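Structure record follows, encoded as C-alpha cells.
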Amino acid sequence: MQMRTLSGHTGVEVTGLDLREPPTQETVAALNTAFSDHSVLVIRDQHLSPPQVLAAVELFGAVFHQHNTKFALPECPQIHYISNQDFFPDGRRYIPGEGWHTDHSNDTRPPKATVLHAVQLPDRGGDTQFANMQAAYDALPERIRERIAPLIAIHVYQSTHSARKLMGLSEANKERVPNAVLHPITRTHPETGRKAIYINPIRIEGILGMDHKEALPLLDDLLEHATQPRFQYRHQWKPGDLTLWDNRCLLHKANGDYDHAQTRYLYRVMLQGSVPN
Ligand code: SIN
C-alpha cells in the first residue's frame, strides 16, 4: 500500500490496496490514522459490490442511518445512492449535495464521516470540493475566534435561509428526525484535538440568543472566509474511487457542471459520530 498527500492541508491518496480482501490490522490502523490526519482518504481502483462497500467502510466505524431513506438501495438499504437521474416533484433535476454543507448536522450525533464509491461518472466535471474548517479556523483573527467561541447554532433538517432545497422527508422519516438540535460553532476534533469552524448553510436556522440581523451576516462571513480556495481540496473522481471524508472538520459540495445526459452514480454510506463539542 502506498500513500500520497493530495494538498498541503487535505487529502491523501491510497493505492496498491484491494478491499475485496480483508486488510491486516496494521493496514486498518494506518488507514484510520491517515484519515484523522488528512480528513479525506481516497482509496483508488476499488470495484466493490454493495456488501463489499459495507465491509470496507466498517473498517472505519459503524454505519449511521440516514434521515431520508428515499435513496436506499433496495438490496442493501444501509447503502444509499447519489445520482443525477432523479427529479424533484416539480420536474427539476435533483443534484444531491450542491452547495457547501456538512452532512446531517441536524442530528444530535452527526455522522463523523461520509463515504462515496464511484460506480459511474461523467466524462468530465462532477468534482467534489472540500473546505478544510480546521485550516480556516487557524487562519481566523484571534478576535473572531473569541467572538465565536461561546456561540451555539440551531440546526434543522432544512434551513429557511438556505437557497438549496433538499428532497422532502416522508411522514415516517419525519418522525425519526429531530426538530432542532444545538451545536457549537467551534468544535474540537475528538481524535486530533484540533479546533474547526462548524457551520452548515443548509441546516443552520440561527444562533442561540442572537438576532438574525447579526447572526446571518456573521455566518455568511465565516462561510466566505472558510471556503476561500486556499482552504480547499477539489476531488476529481476516477472510476473505482472509494473516498471517505471527515464531516467534523470539512464542508463539501458537489458540482452539477457536467452533461446531464451522462449518468453520475455513486454508492454512499455515512459513519456514526459523537456529540460535537
Ligand atoms: C454529498 O454531498 O454527499 C454528495 C457529494 C457529491 O456527490 O459529490
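Residue numbers start at 1 in each chain; chains themselves are named A, B, ... in the order of the C-alpha cells; ligands are numbered from 1 in the order shown.
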Counting only C-alpha atoms and all ligand atoms, give me one row per residue of chain A with an atom at most 6 Å from an atom of ligand 1, showing the shortest contact pair and its distance in Å to one decimal, sorted by chain then residue number, as a Markdown table.
```
| residue | atom | partner | partner_atom_place_in_ligand_line | distance |
| --- | --- | --- | --- | --- |
| A:Pro96 | CA | ligand 1 | 4 (C) | 5.7 |
| A:Gly97 | CA | ligand 1 | 2 (O) | 3.4 |
| A:Thr128 | CA | ligand 1 | 8 (O) | 4.3 |
| A:Lys253 | CA | ligand 1 | 2 (O) | 5.6 |
| A:Ala254 | CA | ligand 1 | 8 (O) | 3.8 |
```
Next item on the list: May I have the residues within 10 Å of stretch 163-166 of chain A as a list in words, using only C-alpha atoms and disregarding those fewer than 6 positions away in the same chain?
Entry: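 Counting only the stated atoms, we get Asn68, Phe88, Tyr94, Ile95, Pro96, Gly97, Glu98, Gly99, Trp100, Tyr157, Pro201 and Ile202 of chain A.
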Take the residues just selected and output them with N, CA and C atoms as a short mmCIF file (atom, residue, chain, number, x, y, z; two decimals), in the first residue's frame.
```cif
data_model
loop_
_atom_site.label_atom_id
_atom_site.label_comp_id
_atom_site.auth_asym_id
_atom_site.auth_seq_id
_atom_site.Cartn_x
_atom_site.Cartn_y
_atom_site.Cartn_z
N ASN A 68 -33.21 10.50 5.47
CA ASN A 68 -34.14 10.33 4.35
C ASN A 68 -33.82 8.99 3.68
N PHE A 88 -36.99 16.48 -8.69
CA PHE A 88 -37.93 17.00 -7.69
C PHE A 88 -39.35 16.76 -8.20
N TYR A 94 -32.62 16.86 -9.75
CA TYR A 94 -32.06 16.93 -8.39
C TYR A 94 -30.58 16.56 -8.44
N ILE A 95 -29.72 17.52 -8.10
CA ILE A 95 -28.29 17.23 -7.99
C ILE A 95 -27.98 17.17 -6.49
N PRO A 96 -27.82 15.97 -5.94
CA PRO A 96 -27.60 15.89 -4.49
C PRO A 96 -26.30 16.55 -4.08
N GLY A 97 -26.32 17.25 -2.97
CA GLY A 97 -25.08 17.77 -2.39
C GLY A 97 -24.56 19.06 -2.99
N GLU A 98 -25.36 19.75 -3.81
CA GLU A 98 -24.89 21.04 -4.35
C GLU A 98 -24.94 22.08 -3.23
N GLY A 99 -23.96 22.91 -3.15
CA GLY A 99 -23.92 23.95 -2.10
C GLY A 99 -23.12 23.43 -0.91
N TRP A 100 -22.36 24.32 -0.30
CA TRP A 100 -21.49 23.92 0.83
C TRP A 100 -22.33 23.39 1.98
N TYR A 157 -33.60 20.30 9.81
CA TYR A 157 -33.47 19.49 8.58
C TYR A 157 -33.24 20.40 7.37
N PRO A 201 -24.65 25.91 5.96
CA PRO A 201 -25.65 26.84 5.40
C PRO A 201 -27.01 26.21 5.12
N ILE A 202 -27.07 24.91 4.84
CA ILE A 202 -28.40 24.34 4.53
C ILE A 202 -29.18 23.95 5.78
#
```
Margin query: If we count only C-alpha atoms and set the cut-off at 10 Å, which residues sit around A:Ile82, ignoring sequence neighbours fewer than 5 positions away in its own chain? Please answer as an MDAnalysis selection string.
Written below: chainID A and resid 71:72 94:97 116:119 264:268
Notebook entry, point to check: Neighbours of stretch 23-29 of chain A within 12 Å (only C-alpha atoms; same-chain residues fewer than 2 positions away dropped), as number ranges by chain?
Noted result: A: 1-3, 14, 16-21, 31-36, 55-61
For stretch 96-178 of chain A versus stretch 192-196 of chain A, which residues have an atom no more than 7 Å away, and what is each residue's nearest atom pair and distance in Å rounded to one decimal, using only C-alpha atoms, chain-then-number order, as JSON lines?
```
{"residue": "A:Met133", "atom": "CA", "partner": "A:Ala196", "partner_atom": "CA", "distance": 5.0}
{"residue": "A:Gln134", "atom": "CA", "partner": "A:Ala196", "partner_atom": "CA", "distance": 4.2}
{"residue": "A:Tyr137", "atom": "CA", "partner": "A:Ala196", "partner_atom": "CA", "distance": 5.3}
```
Notebook entry, point to check: Looking at A:Asn200, A:Asn106, A:Asn84, A:Asn277, which one is nearest to A:Asn255, with distances taken over only C-alpha atoms?
Noted result: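 The shortest atom-to-atom distance to A:Asn255 comes from A:Asn84.
All residues within stretch 99-178 of chain A that the backbone DSSP calculation assigns to strand (DSSP E) are A:Ala113, A:Thr114, A:Val115, A:Leu116, A:His117, A:Ala118, A:Val119, A:Gln120, A:Thr128, A:Gln129, A:Phe130, A:Ala131, A:Asn132, A:Ile152, A:Ala153, A:Ile154, A:His155.
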Could the residues in this selection be saved with N, CA, C and O atoms as a PDB file, in the first residue's frame?
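Resulting contents of selection-v9.pdb:
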```
ATOM      1  N   ALA A 113     -18.204  10.672   9.372  1.00  0.00           N
ATOM      2  CA  ALA A 113     -17.638  10.560   8.026  1.00  0.00           C
ATOM      3  C   ALA A 113     -18.715  10.183   7.032  1.00  0.00           C
ATOM      4  O   ALA A 113     -19.741   9.611   7.401  1.00  0.00           O
ATOM      5  N   THR A 114     -18.436  10.499   5.761  1.00  0.00           N
ATOM      6  CA  THR A 114     -19.268  10.037   4.653  1.00  0.00           C
ATOM      7  C   THR A 114     -18.337   9.361   3.657  1.00  0.00           C
ATOM      8  O   THR A 114     -17.202   9.807   3.462  1.00  0.00           O
ATOM      9  N   VAL A 115     -18.836   8.297   3.050  1.00  0.00           N
ATOM     10  CA  VAL A 115     -18.046   7.540   2.074  1.00  0.00           C
ATOM     11  C   VAL A 115     -18.825   7.500   0.768  1.00  0.00           C
ATOM     12  O   VAL A 115     -20.012   7.182   0.760  1.00  0.00           O
ATOM     13  N   LEU A 116     -18.150   7.818  -0.338  1.00  0.00           N
ATOM     14  CA  LEU A 116     -18.737   7.626  -1.666  1.00  0.00           C
ATOM     15  C   LEU A 116     -17.851   6.659  -2.440  1.00  0.00           C
ATOM     16  O   LEU A 116     -16.615   6.734  -2.358  1.00  0.00           O
ATOM     17  N   HIS A 117     -18.505   5.783  -3.191  1.00  0.00           N
ATOM     18  CA  HIS A 117     -17.778   4.864  -4.079  1.00  0.00           C
ATOM     19  C   HIS A 117     -18.279   5.105  -5.493  1.00  0.00           C
ATOM     20  O   HIS A 117     -19.473   4.952  -5.774  1.00  0.00           O
ATOM     21  N   ALA A 118     -17.360   5.515  -6.363  1.00  0.00           N
ATOM     22  CA  ALA A 118     -17.740   5.917  -7.730  1.00  0.00           C
ATOM     23  C   ALA A 118     -18.041   4.688  -8.579  1.00  0.00           C
ATOM     24  O   ALA A 118     -17.167   3.858  -8.817  1.00  0.00           O
ATOM     25  N   VAL A 119     -19.298   4.612  -9.042  1.00  0.00           N
ATOM     26  CA  VAL A 119     -19.721   3.498  -9.887  1.00  0.00           C
ATOM     27  C   VAL A 119     -19.757   3.935 -11.348  1.00  0.00           C
ATOM     28  O   VAL A 119     -19.248   3.254 -12.228  1.00  0.00           O
ATOM     29  N   GLN A 120     -20.355   5.089 -11.623  1.00  0.00           N
ATOM     30  CA  GLN A 120     -20.441   5.610 -12.998  1.00  0.00           C
ATOM     31  C   GLN A 120     -20.244   7.119 -12.949  1.00  0.00           C
ATOM     32  O   GLN A 120     -20.891   7.803 -12.130  1.00  0.00           O
ATOM     33  N   THR A 128     -16.039  16.915  -6.473  1.00  0.00           N
ATOM     34  CA  THR A 128     -16.496  17.290  -5.128  1.00  0.00           C
ATOM     35  C   THR A 128     -15.454  18.217  -4.518  1.00  0.00           C
ATOM     36  O   THR A 128     -14.264  17.887  -4.511  1.00  0.00           O
ATOM     37  N   GLN A 129     -15.902  19.378  -4.034  1.00  0.00           N
ATOM     38  CA  GLN A 129     -14.985  20.323  -3.390  1.00  0.00           C
ATOM     39  C   GLN A 129     -15.062  20.151  -1.870  1.00  0.00           C
ATOM     40  O   GLN A 129     -16.159  19.944  -1.331  1.00  0.00           O
ATOM     41  N   PHE A 130     -13.927  20.245  -1.232  1.00  0.00           N
ATOM     42  CA  PHE A 130     -13.858  20.174   0.234  1.00  0.00           C
ATOM     43  C   PHE A 130     -13.208  21.452   0.755  1.00  0.00           C
ATOM     44  O   PHE A 130     -12.235  21.935   0.161  1.00  0.00           O
ATOM     45  N   ALA A 131     -13.732  21.976   1.854  1.00  0.00           N
ATOM     46  CA  ALA A 131     -13.113  23.136   2.518  1.00  0.00           C
ATOM     47  C   ALA A 131     -12.688  22.701   3.910  1.00  0.00           C
ATOM     48  O   ALA A 131     -13.499  22.151   4.673  1.00  0.00           O
ATOM     49  N   ASN A 132     -11.421  22.929   4.223  1.00  0.00           N
ATOM     50  CA  ASN A 132     -10.860  22.469   5.491  1.00  0.00           C
ATOM     51  C   ASN A 132     -11.149  23.504   6.586  1.00  0.00           C
ATOM     52  O   ASN A 132     -10.564  24.588   6.611  1.00  0.00           O
ATOM     53  N   ILE A 152     -23.623  29.117  19.923  1.00  0.00           N
ATOM     54  CA  ILE A 152     -24.296  27.833  19.685  1.00  0.00           C
ATOM     55  C   ILE A 152     -25.268  28.042  18.519  1.00  0.00           C
ATOM     56  O   ILE A 152     -26.083  28.976  18.547  1.00  0.00           O
ATOM     57  N   ALA A 153     -25.191  27.157  17.533  1.00  0.00           N
ATOM     58  CA  ALA A 153     -26.084  27.269  16.370  1.00  0.00           C
ATOM     59  C   ALA A 153     -27.260  26.293  16.499  1.00  0.00           C
ATOM     60  O   ALA A 153     -27.142  25.225  17.098  1.00  0.00           O
ATOM     61  N   ILE A 154     -28.384  26.709  15.897  1.00  0.00           N
ATOM     62  CA  ILE A 154     -29.595  25.872  15.879  1.00  0.00           C
ATOM     63  C   ILE A 154     -29.649  25.204  14.504  1.00  0.00           C
ATOM     64  O   ILE A 154     -29.726  25.890  13.476  1.00  0.00           O
ATOM     65  N   HIS A 155     -29.588  23.864  14.471  1.00  0.00           N
ATOM     66  CA  HIS A 155     -29.596  23.113  13.207  1.00  0.00           C
ATOM     67  C   HIS A 155     -30.945  22.421  13.027  1.00  0.00           C
ATOM     68  O   HIS A 155     -31.454  21.793  13.959  1.00  0.00           O
TER      69      HIS A 155
END
```
